[in-house]
Amino acid sequence: MSQPVLRPAASRVSALSARKRAFADALLDLLSSRQALLLAGVFALAFLVRLVFIVLVDPDPQAGIPDDSLFYDSTASWLAEGRGYIHLHGEPTAHWPPGYSMILAVIYKLLGHHVFLGKMLNVFAGAATSIAVYFLGAKVFDRRVGLLGALLLAFFPSQVFGATLLMTEVIWGLAVTLLLLLVIGLTIERPTLGRVALTGLVIGILSMIRGETVLLALALVPVWAVAQESWPAGLRFGAVALAATGVALLPWTVRNWVQLGYPIVVSAGSAENLIAGHWEGADGLGNFVPVIAVQKEYEDVRPPEREVKVYREQTRRAIEYALNHPADELRLIPQKLFHFYRDDSRPLLWIQAKGDLLSAASEARLRDLANTYYLAVLAAAVAGAPLWLRRVDPKRLLLIMLVAYYSFLFGFVFIGEPRFHSALIPVFCILAAVFFVRAGERVWDRLKSGSKTGPGGAGESGAD
């Protein structure tokens, strides 16, 4: 009687054991291979260059102009003390998502409130992102592309400079790169609705670090449609993932409703970037005159009620302006995109805001280095477009849709602040690596062909 029940259970155990053995064998192969040595070298180089920079340039979040780093450092410290997620005024807040502050709070709780530890987290996350870029590049293209992409990111100036700031950019780059790997592994290579739902939950959790991913499932619909060769299937996957994202954000939304009196889904601060991009004086980059104007209207209201009222009013005005001025909205799109992609030296501005830690000459040299490196990588990525657009592939489309999603958010919905394109830097490194690897192949083929047809050679000249 028990035999029919035991066989399936034994079969499942056997299959699970086989998968575990296969994973262990693959891990051992990796650790004993030349590939592992190369990755260890990339990680060490990326780690070292970031460590040297934070030792040489060490801004204090509590010094200089109040900014995001002050907010994150302070909120993390108070969370570690058990005071809850409160603003600088001492009342509950939803000004920014709490994820990064919570990560710092765990470090502060375990090891004490030392800003250097938060910066070391950035050092580790930056180096780990280089390794994640390798695996992503290898998954989408090949190992050579992955390795070169990892090296490009290891020395990427803005990524190095950003490691010394207690801000979300560095850890966010790692989170986005790992998310792309997750999407490939769970929903492209081995898709099920359960895995799609899990991906949506992860997207919601990551939105607690940076809120812009909250609607990312919509951008993944074309990816899933291509992978499944069915638009209905892609739409079904998108609906499931979006619903799961909402489930992940539900506890935070309820907390805001209870403590602030309004169900803010992600953050109240998002309304600042929204209205800065949609008013009569908008220039594409972000003039915060309307932000300050609304804040002054409610300066007599006590927090946290003031935060909610400002959030609702800024959102209302931004949407109203966008609906009533369609021509202006269209005119602003190229301006926002220009500012979004124009340069990559923003971390230096945040560093200098903490007390002119760099001389004017040093800042100028580092700014030129950051922008030259970034524009060279961006140009190579664009030049290689015919290579990575050569065939329709869901993994390649995934990278393209991430760029499209961010371009839409900061080219239309919000402002074209250059610092927000930092999440795309790992993707740009991979796409640039495609161009450099293929260009290298062509040069090598020409050299080999030339050597065969030279003096004493026997062969025909190569043709592309």
# chains A, B, ... in the order shown; residues from 1 in each chain; ligands from 1
>>> residues_around(residues="stretch 57-67 of chain A", least_positions_apart="6", cutoff="8 Å", atoms="only C-alpha atoms", output="count of residues only")
11
>>> select_by_dssp(residues="stretch 352-428 of chain A", states="helix (DSSP H, G or I)", output="PyMOL selection string")
chain A and resi 352+360-383+385-388+394-413+418-428
>>> closest_residue(among="A:Arg34, A:Arg317, A:Lys336, A:Lys119", to="A:Phe412", atoms="only C-alpha atoms")
A:Lys336
>>> residues_around(residues="A:Arg419", least_positions_apart="3", cutoff="12 Å", atoms="only C-alpha atoms", output="PyMOL selection string")
chain A and resi 158-159+162+167-170+172-173+285+339-350+406+410+415-416+422-425
>>> closest_residue(among="A:Ile209, A:Leu179, A:Ile203, A:Val310", to="A:Ser101", atoms="only C-alpha atoms")
A:Ile209
>>> residues_around(residues="stretch 263-273 of chain A", least_positions_apart="4", cutoff="6 Å", atoms="only C-alpha atoms", output="PyMOL selection string")
chain A and resi 94-97+211+253+256-257+291+311+314-315+414
>>> closest_atom_pairs(of="stretch 177-199 of chain A", to="stretch 129-141 of chain A", cutoff="12 Å", atoms="only C-alpha atoms", output="tab-separated table")
residue	atom	partner	partner_atom	distance
A:Thr177	CA	A:Ala132	CA	6.4
A:Leu178	CA	A:Ala132	CA	6.5
A:Leu179	CA	A:Ala132	CA	10.1
A:Leu180	CA	A:Leu136	CA	7.6
A:Leu181	CA	A:Leu136	CA	6.1
A:Leu182	CA	A:Leu136	CA	9.8
A:Val183	CA	A:Leu136	CA	10.8
A:Ile184	CA	A:Lys139	CA	8.4
A:Gly185	CA	A:Lys139	CA	9.4
A:Ile188	CA	A:Val140	CA	11.4
A:Glu189	CA	A:Lys139	CA	10.5
>>> write_last_selection(atoms="N, CA, C and O atoms", output="mmCIF file, in the first residue's frame")
data_model
loop_
_atom_site.group_PDB
_atom_site.id
_atom_site.type_symbol
_atom_site.label_atom_id
_atom_site.label_comp_id
_atom_site.auth_asym_id
_atom_site.auth_seq_id
_atom_site.Cartn_x
_atom_site.Cartn_y
_atom_site.Cartn_z
ATOM 1 N N THR A 177 22.474 44.253 -11.265
ATOM 2 C CA THR A 177 23.176 43.225 -12.026
ATOM 3 C C THR A 177 22.747 41.829 -11.579
ATOM 4 O O THR A 177 22.508 40.932 -12.404
ATOM 5 N N LEU A 178 22.632 41.626 -10.268
ATOM 6 C CA LEU A 178 22.174 40.335 -9.759
ATOM 7 C C LEU A 178 20.719 40.071 -10.167
ATOM 8 O O LEU A 178 20.345 38.927 -10.442
ATOM 9 N N LEU A 179 19.919 41.121 -10.200
ATOM 10 C CA LEU A 179 18.525 40.962 -10.625
ATOM 11 C C LEU A 179 18.458 40.482 -12.073
ATOM 12 O O LEU A 179 17.642 39.613 -12.413
ATOM 13 N N LEU A 180 19.294 41.027 -12.937
ATOM 14 C CA LEU A 180 19.310 40.593 -14.334
ATOM 15 C C LEU A 180 19.690 39.108 -14.437
ATOM 16 O O LEU A 180 19.102 38.361 -15.224
ATOM 17 N N LEU A 181 20.676 38.699 -13.641
ATOM 18 C CA LEU A 181 21.045 37.286 -13.623
ATOM 19 C C LEU A 181 19.879 36.418 -13.134
ATOM 20 O O LEU A 181 19.645 35.320 -13.642
ATOM 21 N N LEU A 182 19.157 36.927 -12.146
ATOM 22 C CA LEU A 182 18.001 36.199 -11.621
ATOM 23 C C LEU A 182 16.917 36.056 -12.675
ATOM 24 O O LEU A 182 16.320 34.979 -12.834
ATOM 25 N N VAL A 183 16.645 37.125 -13.398
ATOM 26 C CA VAL A 183 15.624 37.084 -14.447
ATOM 27 C C VAL A 183 15.991 36.040 -15.500
ATOM 28 O O VAL A 183 15.140 35.269 -15.963
ATOM 29 N N ILE A 184 17.266 35.998 -15.871
ATOM 30 C CA ILE A 184 17.705 35.019 -16.865
ATOM 31 C C ILE A 184 17.559 33.596 -16.320
ATOM 32 O O ILE A 184 16.989 32.716 -16.971
ATOM 33 N N GLY A 185 18.079 33.365 -15.118
ATOM 34 C CA GLY A 185 18.088 32.022 -14.563
ATOM 35 C C GLY A 185 16.713 31.475 -14.236
ATOM 36 O O GLY A 185 16.443 30.287 -14.447
ATOM 37 N N ILE A 188 13.854 33.041 -17.912
ATOM 38 C CA ILE A 188 14.173 32.861 -19.327
ATOM 39 C C ILE A 188 14.640 31.436 -19.595
ATOM 40 O O ILE A 188 14.156 30.771 -20.495
ATOM 41 N N GLU A 189 15.572 30.968 -18.779
ATOM 42 C CA GLU A 189 16.103 29.624 -18.982
ATOM 43 C C GLU A 189 15.177 28.532 -18.442
ATOM 44 O O GLU A 189 15.067 27.466 -19.038
#
>>> closest_residue(among="A:Leu249, A:Leu198, A:Ile333, A:Ala225", to="A:Leu186", atoms="only C-alpha atoms")
A:Leu198
>>> atom_distance(atom1="atom CA of A:Leu431", atom2="atom CA of A:Val377")
8.6 Å
>>> atom_distance(atom1="atom CA of A:Asn324", atom2="atom CA of A:Gly277")
14.1 Å
>>> atom_distance(atom1="atom CA of A:Thr192", atom2="atom CA of A:Val176")
21.5 Å
>>> residues_around(residues="A:Leu51", least_positions_apart="3", cutoff="8 Å", atoms="only C-alpha atoms", output="list of chain:residue names")
A:Phe47, A:Leu48, A:Ile54, A:Val55, A:Met120, A:Val123
>>> write_last_selection(atoms="N, CA, C and O atoms", output="PDB file, in the first residue's frame")
ATOM      1  N   PHE A  47      38.623  45.776  -5.756  1.00  0.00           N
ATOM      2  CA  PHE A  47      38.587  46.033  -4.317  1.00  0.00           C
ATOM      3  C   PHE A  47      39.690  47.013  -3.923  1.00  0.00           C
ATOM      4  O   PHE A  47      39.449  47.986  -3.193  1.00  0.00           O
ATOM      5  N   LEU A  48      40.903  46.783  -4.433  1.00  0.00           N
ATOM      6  CA  LEU A  48      42.052  47.592  -4.032  1.00  0.00           C
ATOM      7  C   LEU A  48      41.926  49.036  -4.489  1.00  0.00           C
ATOM      8  O   LEU A  48      42.185  49.966  -3.716  1.00  0.00           O
ATOM      9  N   ILE A  54      38.935  55.458  -0.978  1.00  0.00           N
ATOM     10  CA  ILE A  54      38.206  55.887   0.233  1.00  0.00           C
ATOM     11  C   ILE A  54      39.175  56.246   1.361  1.00  0.00           C
ATOM     12  O   ILE A  54      38.823  57.031   2.243  1.00  0.00           O
ATOM     13  N   VAL A  55      40.394  55.689   1.324  1.00  0.00           N
ATOM     14  CA  VAL A  55      41.387  56.082   2.322  1.00  0.00           C
ATOM     15  C   VAL A  55      41.904  57.487   2.032  1.00  0.00           C
ATOM     16  O   VAL A  55      42.096  58.307   2.942  1.00  0.00           O
ATOM     17  N   MET A 120      33.286  50.569   3.426  1.00  0.00           N
ATOM     18  CA  MET A 120      33.839  49.257   3.092  1.00  0.00           C
ATOM     19  C   MET A 120      32.779  48.362   2.451  1.00  0.00           C
ATOM     20  O   MET A 120      33.099  47.527   1.607  1.00  0.00           O
ATOM     21  N   VAL A 123      32.972  49.248  -1.053  1.00  0.00           N
ATOM     22  CA  VAL A 123      34.161  48.660  -1.672  1.00  0.00           C
ATOM     23  C   VAL A 123      33.879  47.209  -2.064  1.00  0.00           C
ATOM     24  O   VAL A 123      34.168  46.781  -3.190  1.00  0.00           O
TER      25      VAL A 123
END
>>> residues_around(residues="A:Phe436", least_positions_apart="4", cutoff="9 Å", atoms="only C-alpha atoms", output="PyMOL selection string")
chain A and resi 145+148+380+384+432+440-441
>>> write_last_selection(atoms="C-alpha atoms", output="short mmCIF file (atom, residue, chain, number, x, y, z; two decimals), in the first residue's frame")
data_model
loop_
_atom_site.label_atom_id
_atom_site.label_comp_id
_atom_site.auth_asym_id
_atom_site.auth_seq_id
_atom_site.Cartn_x
_atom_site.Cartn_y
_atom_site.Cartn_z
CA VAL A 145 32.88 39.58 -23.16
CA LEU A 148 36.45 42.39 -20.41
CA ALA A 380 31.86 51.61 -27.81
CA GLY A 384 28.68 47.70 -31.13
CA ALA A 432 31.17 47.95 -24.87
CA GLY A 440 39.99 42.44 -31.46
CA GLU A 441 38.92 39.31 -33.32
#
>>> closest_residue(among="A:Val443, A:Leu397, A:Leu193, A:Val434", to="A:Val223", atoms="only C-alpha atoms")
A:Leu397
>>> closest_atom_pairs(of="stretch 33-74 of chain A", to="stretch 149-157 of chain A", cutoff="9 Å", atoms="only C-alpha atoms", output="tab-separated table")
residue	atom	partner	partner_atom	distance
A:Leu39	CA	A:Ala150	CA	8.6
A:Val42	CA	A:Leu151	CA	6.4
A:Phe43	CA	A:Ala154	CA	7.6
A:Leu45	CA	A:Ala154	CA	6.9
A:Ala46	CA	A:Ala154	CA	4.4
A:Phe47	CA	A:Ala154	CA	8.1
A:Val49	CA	A:Phe155	CA	7.5
A:Arg50	CA	A:Phe155	CA	8.8
>>> write_last_selection(atoms="N, CA and C atoms", output="PDB file, in the first residue's frame")
ATOM      1  N   LEU A  39      38.987  35.676 -12.135  1.00  0.00           N
ATOM      2  CA  LEU A  39      37.949  36.389 -11.384  1.00  0.00           C
ATOM      3  C   LEU A  39      38.474  36.888 -10.043  1.00  0.00           C
ATOM      4  N   VAL A  42      40.405  39.988 -10.825  1.00  0.00           N
ATOM      5  CA  VAL A  42      39.513  41.128 -11.100  1.00  0.00           C
ATOM      6  C   VAL A  42      38.935  41.672  -9.804  1.00  0.00           C
ATOM      7  N   PHE A  43      38.460  40.779  -8.948  1.00  0.00           N
ATOM      8  CA  PHE A  43      37.886  41.203  -7.668  1.00  0.00           C
ATOM      9  C   PHE A  43      38.931  41.952  -6.836  1.00  0.00           C
ATOM     10  N   LEU A  45      41.643  43.563  -7.821  1.00  0.00           N
ATOM     11  CA  LEU A  45      41.961  44.867  -8.408  1.00  0.00           C
ATOM     12  C   LEU A  45      40.850  45.886  -8.129  1.00  0.00           C
ATOM     13  N   ALA A  46      39.599  45.452  -8.354  1.00  0.00           N
ATOM     14  CA  ALA A  46      38.470  46.348  -8.109  1.00  0.00           C
ATOM     15  C   ALA A  46      38.399  46.743  -6.638  1.00  0.00           C
ATOM     16  N   PHE A  47      38.623  45.776  -5.756  1.00  0.00           N
ATOM     17  CA  PHE A  47      38.587  46.033  -4.317  1.00  0.00           C
ATOM     18  C   PHE A  47      39.690  47.013  -3.923  1.00  0.00           C
ATOM     19  N   VAL A  49      41.513  49.250  -5.727  1.00  0.00           N
ATOM     20  CA  VAL A  49      41.443  50.617  -6.235  1.00  0.00           C
ATOM     21  C   VAL A  49      40.381  51.417  -5.480  1.00  0.00           C
ATOM     22  N   ARG A  50      39.286  50.784  -5.095  1.00  0.00           N
ATOM     23  CA  ARG A  50      38.250  51.467  -4.316  1.00  0.00           C
ATOM     24  C   ARG A  50      38.711  51.725  -2.885  1.00  0.00           C
TER      25      ARG A  50
END
